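Notes follow the structure.
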Amino acid sequence: MAMTMSEIPTRDQIAIEDTWDLTTMYASDADWTEAAEAMPSLIEKAASYEGRLGDGVEVVTEALAALNELEERLSMLIVYASLRRDEDTANPDANARYQQAVALAIGAGQALAFVQPELLALPAEKFNELASADALASYRHMFDNLDRQRAHVRSQEVEEVLAQMGEVTRTASEAFSQLDNADLEYGDVQDEHGNTVALTKGRYGLLMESQDRDVRRAAHASMMDAYLRHGHTISSLYSGSVRKDVTIARIRGYESSRSEALFDDNVPDAVYDTLIDVVRDASPVLRRYLDLRKQALDLDQLEVYDLRVPLAPESTRHYDYREAVEIVLRGVRALGDEYVNDLRTGFESRWVDVHETKGKRSGAYSWGAYGAPPVILMNWNGTLSDVFTLAHEAGHAMHSFYSNRAQPFHLAGYPIFLAEIASTVNEVLLTWDLLAQDEAKDPVQRFALLNRFADTFHGTVITQTMFAEFEQRAHAMAEEGVPVTLDGLNELFGELQKTYLPGVNIDDLAKIRWSRIPHFYRAYYVYQYATGMSSAINIARAVRDEGEPAQKRYLEMLAAGGSDYPMNILRRAGVDLTDRQPLEVAVQEFESTIAEMEKLASEGVLKEAARLA
């Protein structure tokens, strides 16, 4: 039975060792307030260098030091305020602190907007003098990155206009968000027990895992019908977002909107193309995966609403949090003693806020501020999924821990391109470790673990690559002067699903599924999920098979933070995504998982799984 709100404990009922320790940031809320009150003077100090960045190395050194001090302290303010708010989202004091932090951040951003444009406006001789100065050696990557952007920076007047247009260019994304999160109504459906359920996006995800196909079918039809009814509006919003991307790329002189999106991380277009090529070439193993799903569900025809239901019941065992900590530490031991010992120390030092409490933010994440240990938010229910989530978030936390320890503030932040690798390495290693345990000798439990990995790979690598190709081709339509319309987008997404979901029926409700993906309004973002998991599989295999040399490369990658372009950092860790080979290795891991699932199916595991479901 679901726990009622009155049964959910309040924060003061939780043992302190099961809460995160935010005193590493501020000893008290009063100390936070004191730090916030000091912010205006720090902003004023950093802003005083406006118009002076051409005055030589000494002045620029002072200016960047003042800027970093401001940003570091501001980051601590924002993170602490956000974490305290997430402890109890109804707490008015916490919400007030958060709003104050946001206001300070906005003020700082406006006051310091001069830095990059002013540096780029310097004559080449002065710019190069700064870039090569010994006193600014730790900023060489920043200067190199700025210099790359020079060809795409317009006149000061044009840059000011583009900055002022920032509010306008968010219109499509914000309008879709309001429609998607506030205005759309999805109707009611009946669950497998005959209960009427008001459909929401969260409940839709749960219903897609129902063993009752009629429930899945009804939930899918009700959900997709809402988007279908608003299809012309949503296609118009997405078309506006696409045309915005294309227009800005042209103004800045990029070859395409995709080239602009990949430019910040210095990722070659070839990485994107190679990903699509390799995943498309994996069609035979995709068909085997989907055929196995059809066999397990005893279906004549797969529909898109059959793709998320588990094929075997996972263990109903309840995992105590501290038991899960030991399972995670055992799972990542291939990363070496240093990693395991540092992570254990983190767990013992109250990095994790464990339990659900009244008003606490839902879900899970890892976050932190430079100068303090990372923290992890959990809402522990004791499921195997919670164990995997803990491993995932611990990967993010350790990435931040090693990066912050090794790098100065301005080089510690790592890009999204690398972020999901660290978390997924832990999940892959945990999967392999669980498969090696006695519990996995049970054929149904083994099949369930393999199914979890296969479904994760499909959702993260295959589906996100399909999304990436959809984005590329939708933008190409606009770049070629082809109208981006509802019919055109539906036809495109339908065609892609036939390629990436071979043998699955693609009807009108399936074709409209593109319209509910919010990430499409942040163009060319989703491909990083696919490259991230592919890279993680390669790294996990290396640390498993090579041992210490691969461990050393991986820890150096985590410690590199944002000190170099992500492709260079990843290449030093042993993964070169300009080559097909790492992506093919990832597909091979998927194929070997499917092969073992097929073998277990041939031995009768599906009948036992169906009996237990």
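We name chains A, B, ... following the order of the structure tokens; residues begin at 1 in each chain, and ligands are numbered from 1 as shown.
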Set the distance at 8 Å and use only C-alpha atoms: which residues neighbour A:His399 once local chain neighbours fewer than 4 positions away are removed? I'd like the list as a ChimeraX atom specification.
/A:395,403,419,422,558-559,561
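Around A:Gly187, within 10 Å and counting only C-alpha atoms, the residues found are Leu184, Glu185, Val189, Val197, Ala198, Leu199, Thr200, Ala219, Ser222, Met223, Asp225 and Ala226 of chain A, once anything fewer than 2 positions away on its own chain is removed.
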Once you have the residues from the selection above, write them out as a tab-separated table (two decimals), in the first residue's frame, restricted to N, CA and C atoms.
chain	number	residue	atom	x	y	z
A	184	LEU	N	-1.49	20.67	-21.11
A	184	LEU	CA	-1.96	19.42	-21.71
A	184	LEU	C	-2.64	18.54	-20.66
A	185	GLU	N	-3.75	17.95	-21.04
A	185	GLU	CA	-4.45	16.99	-20.19
A	185	GLU	C	-4.50	15.66	-20.92
A	189	VAL	N	-7.26	6.66	-17.41
A	189	VAL	CA	-7.19	5.27	-17.88
A	189	VAL	C	-7.42	4.35	-16.68
A	197	VAL	N	-7.22	5.94	-13.20
A	197	VAL	CA	-5.99	6.69	-12.94
A	197	VAL	C	-5.98	7.93	-13.81
A	198	ALA	N	-5.83	9.10	-13.19
A	198	ALA	CA	-5.65	10.33	-13.95
A	198	ALA	C	-4.23	10.31	-14.52
A	199	LEU	N	-4.12	10.28	-15.83
A	199	LEU	CA	-2.83	10.07	-16.47
A	199	LEU	C	-1.95	11.31	-16.37
A	200	THR	N	-0.71	11.11	-15.95
A	200	THR	CA	0.32	12.14	-15.96
A	200	THR	C	1.54	11.55	-16.64
A	219	ALA	N	-3.04	3.56	-22.08
A	219	ALA	CA	-2.23	4.69	-21.61
A	219	ALA	C	-1.50	5.35	-22.77
A	222	SER	N	-4.04	7.34	-24.90
A	222	SER	CA	-4.50	8.55	-24.23
A	222	SER	C	-3.41	9.62	-24.21
A	223	MET	N	-2.19	9.20	-23.92
A	223	MET	CA	-1.07	10.14	-23.88
A	223	MET	C	-0.79	10.73	-25.26
A	225	ASP	N	-2.64	10.85	-27.88
A	225	ASP	CA	-3.76	11.61	-28.44
A	225	ASP	C	-3.69	13.07	-28.03
A	226	ALA	N	-3.21	13.33	-26.81
A	226	ALA	CA	-3.08	14.72	-26.35
A	226	ALA	C	-2.12	15.50	-27.23
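For the choices A:Tyr254, A:Tyr529, A:Tyr565, A:Phe143, the atom-to-atom distance to A:Thr463 is smallest for A:Tyr529 when using only C-alpha atoms.
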Give me every strand (DSSP E) residue in stretch 260-372 of chain A, going by DSSP on the backbone, as a list in words.
Leu302, Glu303, Val352, Asp353, Tyr365, Ser366 and Trp367 of chain A
I'd like the contact shell of A:Arg580 - 10 Å cut-off, only C-alpha atoms, skipping same-chain residues fewer than 2 positions apart - returned as an mmCIF file with N, CA, C and O atoms, in the first residue's frame.
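As written to disk, out-v5.cif reads:
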data_model
loop_
_atom_site.group_PDB
_atom_site.id
_atom_site.type_symbol
_atom_site.label_atom_id
_atom_site.label_comp_id
_atom_site.auth_asym_id
_atom_site.auth_seq_id
_atom_site.Cartn_x
_atom_site.Cartn_y
_atom_site.Cartn_z
ATOM 1 N N VAL A 271 32.038 12.933 -35.472
ATOM 2 C CA VAL A 271 31.637 12.116 -34.317
ATOM 3 C C VAL A 271 30.143 11.828 -34.379
ATOM 4 O O VAL A 271 29.691 10.698 -34.144
ATOM 5 N N THR A 274 29.445 9.445 -37.377
ATOM 6 C CA THR A 274 29.909 8.085 -37.115
ATOM 7 C C THR A 274 28.966 7.365 -36.161
ATOM 8 O O THR A 274 28.668 6.171 -36.339
ATOM 9 N N LEU A 275 28.489 8.066 -35.150
ATOM 10 C CA LEU A 275 27.519 7.473 -34.225
ATOM 11 C C LEU A 275 26.293 6.972 -34.976
ATOM 12 O O LEU A 275 25.853 5.827 -34.784
ATOM 13 N N ASP A 277 25.988 6.267 -38.160
ATOM 14 C CA ASP A 277 26.343 5.174 -39.082
ATOM 15 C C ASP A 277 26.466 3.846 -38.349
ATOM 16 O O ASP A 277 25.949 2.813 -38.811
ATOM 17 N N VAL A 278 27.154 3.846 -37.203
ATOM 18 C CA VAL A 278 27.379 2.592 -36.479
ATOM 19 C C VAL A 278 26.062 2.036 -35.949
ATOM 20 O O VAL A 278 25.803 0.821 -36.039
ATOM 21 N N ASP A 576 38.539 7.034 -28.571
ATOM 22 C CA ASP A 576 38.568 8.036 -29.641
ATOM 23 C C ASP A 576 37.295 7.906 -30.458
ATOM 24 O O ASP A 576 37.156 7.001 -31.278
ATOM 25 N N LEU A 577 36.365 8.811 -30.239
ATOM 26 C CA LEU A 577 35.054 8.712 -30.875
ATOM 27 C C LEU A 577 35.044 9.206 -32.317
ATOM 28 O O LEU A 577 33.995 9.188 -32.963
ATOM 29 N N THR A 578 36.193 9.650 -32.833
ATOM 30 C CA THR A 578 36.248 9.925 -34.269
ATOM 31 C C THR A 578 36.385 8.623 -35.051
ATOM 32 O O THR A 578 36.263 8.611 -36.276
ATOM 33 N N PRO A 582 35.289 2.281 -30.972
ATOM 34 C CA PRO A 582 34.668 2.289 -29.638
ATOM 35 C C PRO A 582 33.155 2.094 -29.689
ATOM 36 O O PRO A 582 32.581 1.439 -28.803
ATOM 37 N N LEU A 583 32.509 2.659 -30.702
ATOM 38 C CA LEU A 583 31.065 2.489 -30.835
ATOM 39 C C LEU A 583 30.723 1.055 -31.189
ATOM 40 O O LEU A 583 29.733 0.498 -30.695
ATOM 41 N N GLU A 584 31.549 0.442 -32.016
ATOM 42 C CA GLU A 584 31.317 -0.964 -32.379
ATOM 43 C C GLU A 584 31.533 -1.881 -31.175
ATOM 44 O O GLU A 584 30.828 -2.889 -31.020
ATOM 45 N N VAL A 585 32.498 -1.541 -30.322
ATOM 46 C CA VAL A 585 32.714 -2.308 -29.086
ATOM 47 C C VAL A 585 31.461 -2.258 -28.212
ATOM 48 O O VAL A 585 31.045 -3.274 -27.633
#
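By only C-alpha atoms, and with residues fewer than 5 positions from A:Ala163 along its chain excluded, the set lying at most 12 Å from it is A:Gln110, A:Ala113, A:Phe114, A:Pro117, A:Arg154, A:Gln156, A:Glu157, A:Val158, A:Val168, A:Thr169, A:Arg170, A:Ile248.
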Next, the residues of the selection above should be written as a PDB file, in the first residue's frame with N, CA and C atoms.
ATOM      1  N   GLN A 110      25.065  40.000 -15.379  1.00  0.00           N
ATOM      2  CA  GLN A 110      24.931  41.267 -16.117  1.00  0.00           C
ATOM      3  C   GLN A 110      26.169  42.136 -15.935  1.00  0.00           C
ATOM      4  N   ALA A 113      29.331  40.611 -18.011  1.00  0.00           N
ATOM      5  CA  ALA A 113      29.156  40.205 -19.407  1.00  0.00           C
ATOM      6  C   ALA A 113      30.240  40.767 -20.313  1.00  0.00           C
ATOM      7  N   PHE A 114      31.014  41.716 -19.803  1.00  0.00           N
ATOM      8  CA  PHE A 114      32.026  42.386 -20.636  1.00  0.00           C
ATOM      9  C   PHE A 114      33.275  41.536 -20.867  1.00  0.00           C
ATOM     10  N   PRO A 117      33.769  39.397 -24.460  1.00  0.00           N
ATOM     11  CA  PRO A 117      33.813  40.320 -25.608  1.00  0.00           C
ATOM     12  C   PRO A 117      35.005  41.270 -25.559  1.00  0.00           C
ATOM     13  N   ARG A 154      30.754  38.529 -33.907  1.00  0.00           N
ATOM     14  CA  ARG A 154      30.429  39.643 -34.799  1.00  0.00           C
ATOM     15  C   ARG A 154      30.818  40.981 -34.169  1.00  0.00           C
ATOM     16  N   GLN A 156      30.597  44.559 -32.221  1.00  0.00           N
ATOM     17  CA  GLN A 156      30.015  44.824 -30.909  1.00  0.00           C
ATOM     18  C   GLN A 156      28.528  45.126 -31.021  1.00  0.00           C
ATOM     19  N   GLU A 157      28.152  45.866 -32.067  1.00  0.00           N
ATOM     20  CA  GLU A 157      26.742  46.221 -32.238  1.00  0.00           C
ATOM     21  C   GLU A 157      25.887  44.976 -32.464  1.00  0.00           C
ATOM     22  N   VAL A 158      26.366  44.094 -33.335  1.00  0.00           N
ATOM     23  CA  VAL A 158      25.614  42.865 -33.617  1.00  0.00           C
ATOM     24  C   VAL A 158      25.565  41.984 -32.371  1.00  0.00           C
ATOM     25  N   VAL A 168      13.897  36.679 -26.430  1.00  0.00           N
ATOM     26  CA  VAL A 168      12.955  36.314 -27.493  1.00  0.00           C
ATOM     27  C   VAL A 168      13.215  34.904 -28.001  1.00  0.00           C
ATOM     28  N   THR A 169      14.497  34.537 -28.137  1.00  0.00           N
ATOM     29  CA  THR A 169      14.831  33.245 -28.731  1.00  0.00           C
ATOM     30  C   THR A 169      14.452  32.068 -27.847  1.00  0.00           C
ATOM     31  N   ARG A 170      14.111  32.333 -26.574  1.00  0.00           N
ATOM     32  CA  ARG A 170      13.662  31.245 -25.691  1.00  0.00           C
ATOM     33  C   ARG A 170      12.158  31.006 -25.782  1.00  0.00           C
ATOM     34  N   ILE A 248      20.707  31.824 -36.094  1.00  0.00           N
ATOM     35  CA  ILE A 248      21.848  32.251 -35.279  1.00  0.00           C
ATOM     36  C   ILE A 248      23.146  31.667 -35.818  1.00  0.00           C
TER      37      ILE A 248
END
Mind checking which residues fall within 7 Å of stretch 41-52 of chain A, counting only C-alpha atoms, ignoring those fewer than 2 positions away in the same chain, and posting them as a PyMOL selection string?
chain A and resi 38-39+54-55+63+66-67+70+108+111-112+114
Got time to write the residues from that selection, C-alpha atoms, as a tab-separated table (two decimals), in the first residue's frame?
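Wrote it out as out.tsv, contents follow:
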chain	number	residue	atom	x	y	z
A	38	ALA	CA	29.30	40.26	0.92
A	39	MET	CA	28.41	39.47	-2.69
A	54	GLY	CA	43.88	45.73	-22.51
A	55	ASP	CA	46.12	47.23	-19.83
A	63	ALA	CA	40.83	40.75	-13.04
A	66	ALA	CA	38.66	38.69	-8.86
A	67	LEU	CA	36.27	37.06	-11.31
A	70	LEU	CA	33.32	35.94	-7.21
A	108	ALA	CA	26.68	39.14	-11.41
A	111	ALA	CA	27.85	43.04	-14.45
A	112	LEU	CA	30.47	40.67	-15.87
A	114	PHE	CA	32.03	42.39	-20.64
What's around A:Gln472 at 12 Å? Count only C-alpha atoms, leave out sequence neighbours fewer than 4 positions away in its own chain, and write the answer as a PyMOL selection string.
chain A and resi 242+245-246+256-259+261+269+272-273+276+465-468+476-479+489+492-493+496+520+523-527
Expected file contents, prior selection, N, CA, C and O atoms, as a CSV table (one decimal), in the first residue's frame:
chain,number,residue,atom,x,y,z
A,242,VAL,N,13.8,25.4,-34.4
A,242,VAL,CA,14.8,25.0,-35.4
A,242,VAL,C,15.2,26.2,-36.2
A,242,VAL,O,16.4,26.4,-36.5
A,245,ASP,N,17.7,28.3,-34.4
A,245,ASP,CA,19.0,27.7,-34.4
A,245,ASP,C,19.7,27.9,-35.7
A,245,ASP,O,20.9,28.3,-35.7
A,246,VAL,N,19.0,27.8,-36.8
A,246,VAL,CA,19.6,27.9,-38.1
A,246,VAL,C,20.0,29.4,-38.3
A,246,VAL,O,21.1,29.7,-38.9
A,256,SER,N,26.8,25.1,-40.3
A,256,SER,CA,25.4,24.6,-40.1
A,256,SER,C,25.1,24.8,-38.6
A,256,SER,O,26.0,25.1,-37.8
A,257,SER,N,23.8,24.6,-38.3
A,257,SER,CA,23.4,24.7,-36.9
A,257,SER,C,24.1,23.6,-36.0
A,257,SER,O,24.4,23.8,-34.9
A,258,ARG,N,24.3,22.5,-36.6
A,258,ARG,CA,24.9,21.4,-35.9
A,258,ARG,C,26.4,21.7,-35.6
A,258,ARG,O,26.9,21.5,-34.5
A,259,SER,N,27.1,22.3,-36.5
A,259,SER,CA,28.5,22.7,-36.3
A,259,SER,C,28.6,23.7,-35.2
A,259,SER,O,29.5,23.7,-34.4
A,261,ALA,N,26.5,24.0,-32.6
A,261,ALA,CA,26.2,23.3,-31.4
A,261,ALA,C,27.3,22.5,-30.9
A,261,ALA,O,27.6,22.4,-29.7
A,269,ASP,N,32.1,17.3,-36.4
A,269,ASP,CA,30.9,16.8,-37.0
A,269,ASP,C,31.0,15.3,-37.2
A,269,ASP,O,29.9,14.6,-37.2
A,272,TYR,N,29.4,12.9,-34.7
A,272,TYR,CA,27.9,12.7,-34.8
A,272,TYR,C,27.6,11.8,-35.9
A,272,TYR,O,26.7,10.9,-35.8
A,273,ASP,N,28.2,11.9,-37.1
A,273,ASP,CA,27.9,11.1,-38.3
A,273,ASP,C,28.3,9.7,-38.0
A,273,ASP,O,27.6,8.7,-38.4
A,276,ILE,N,25.7,7.8,-35.8
A,276,ILE,CA,24.5,7.4,-36.6
A,276,ILE,C,24.8,6.2,-37.5
A,276,ILE,O,24.1,5.3,-37.6
A,465,THR,N,20.3,8.0,-30.3
A,465,THR,CA,20.9,8.2,-31.7
A,465,THR,C,19.8,8.5,-32.7
A,465,THR,O,19.9,9.3,-33.6
A,466,MET,N,18.6,7.8,-32.6
A,466,MET,CA,17.5,8.1,-33.4
A,466,MET,C,17.0,9.5,-33.2
A,466,MET,O,16.8,10.2,-34.2
A,467,PHE,N,17.0,10.0,-32.0
A,467,PHE,CA,16.6,11.4,-31.7
A,467,PHE,C,17.6,12.3,-32.4
A,467,PHE,O,17.3,13.4,-32.9
A,468,ALA,N,18.9,11.9,-32.2
A,468,ALA,CA,20.0,12.8,-32.8
A,468,ALA,C,19.8,12.9,-34.3
A,468,ALA,O,20.0,14.0,-34.9
A,476,ALA,N,18.3,20.2,-41.1
A,476,ALA,CA,18.7,20.3,-42.5
A,476,ALA,C,17.5,20.7,-43.4
A,476,ALA,O,17.7,21.4,-44.4
A,477,MET,N,16.3,20.3,-43.0
A,477,MET,CA,15.1,20.8,-43.8
A,477,MET,C,15.1,22.3,-43.8
A,477,MET,O,14.9,22.9,-44.9
A,478,ALA,N,15.2,22.9,-42.6
A,478,ALA,CA,15.2,24.4,-42.6
A,478,ALA,C,16.3,25.0,-43.3
A,478,ALA,O,16.2,26.0,-44.0
A,479,GLU,N,17.5,24.4,-43.2
A,479,GLU,CA,18.7,24.9,-43.9
A,479,GLU,C,18.6,24.9,-45.4
A,479,GLU,O,19.1,25.7,-46.1
A,489,LEU,N,7.4,16.4,-40.2
A,489,LEU,CA,8.0,15.9,-39.0
A,489,LEU,C,7.5,14.5,-38.6
A,489,LEU,O,8.3,13.6,-38.3
A,492,LEU,N,9.1,12.1,-41.1
A,492,LEU,CA,10.5,11.9,-40.8
A,492,LEU,C,10.6,11.0,-39.6
A,492,LEU,O,11.4,10.0,-39.6
A,493,PHE,N,9.9,11.2,-38.5
A,493,PHE,CA,10.0,10.4,-37.3
A,493,PHE,C,9.5,9.0,-37.6
A,493,PHE,O,10.0,8.0,-37.0
A,496,LEU,N,12.3,7.1,-39.4
A,496,LEU,CA,13.4,6.8,-38.5
A,496,LEU,C,13.0,5.7,-37.6
A,496,LEU,O,13.8,4.8,-37.3
A,520,PHE,N,14.5,18.3,-27.4
A,520,PHE,CA,14.6,18.8,-28.8
A,520,PHE,C,14.7,20.4,-28.9
A,520,PHE,O,15.1,20.9,-29.9
A,523,ALA,N,19.0,22.0,-28.9
A,523,ALA,CA,19.3,21.2,-30.1
A,523,ALA,C,20.7,20.5,-29.9
A,523,ALA,O,21.6,21.1,-29.4
A,524,TYR,N,20.8,19.3,-30.5
A,524,TYR,CA,22.0,18.5,-30.5
A,524,TYR,C,22.6,18.2,-29.2
A,524,TYR,O,23.8,18.2,-29.0
A,525,TYR,N,21.7,18.0,-28.2
A,525,TYR,CA,22.1,17.6,-26.9
A,525,TYR,C,22.1,16.1,-26.7
A,525,TYR,O,23.0,15.6,-26.0
A,526,VAL,N,21.1,15.5,-27.2
A,526,VAL,CA,20.8,14.1,-26.8
A,526,VAL,C,21.9,13.1,-27.3
A,526,VAL,O,22.0,12.0,-26.8
A,527,TYR,N,22.6,13.4,-28.4
A,527,TYR,CA,23.6,12.5,-28.9
A,527,TYR,C,24.7,12.2,-27.8
A,527,TYR,O,25.3,11.1,-27.8
Would you mind writing down, as a PyMOL selection string, each residue of stretch 135-272 of chain A that DSSP on the backbone assigns to helix (DSSP H, G or I)?
chain A and resi 135-152+156-164+166-169+171-183+201-207+213-229+231-251+257-263+269-272
With distances taken over only C-alpha atoms, which of A:Leu290, A:Ile376, A:Leu179, A:Val279 is nearest to A:Asp21?
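Once distances to A:Asp21 are computed over only C-alpha atoms, the minimum belongs to A:Ile376.
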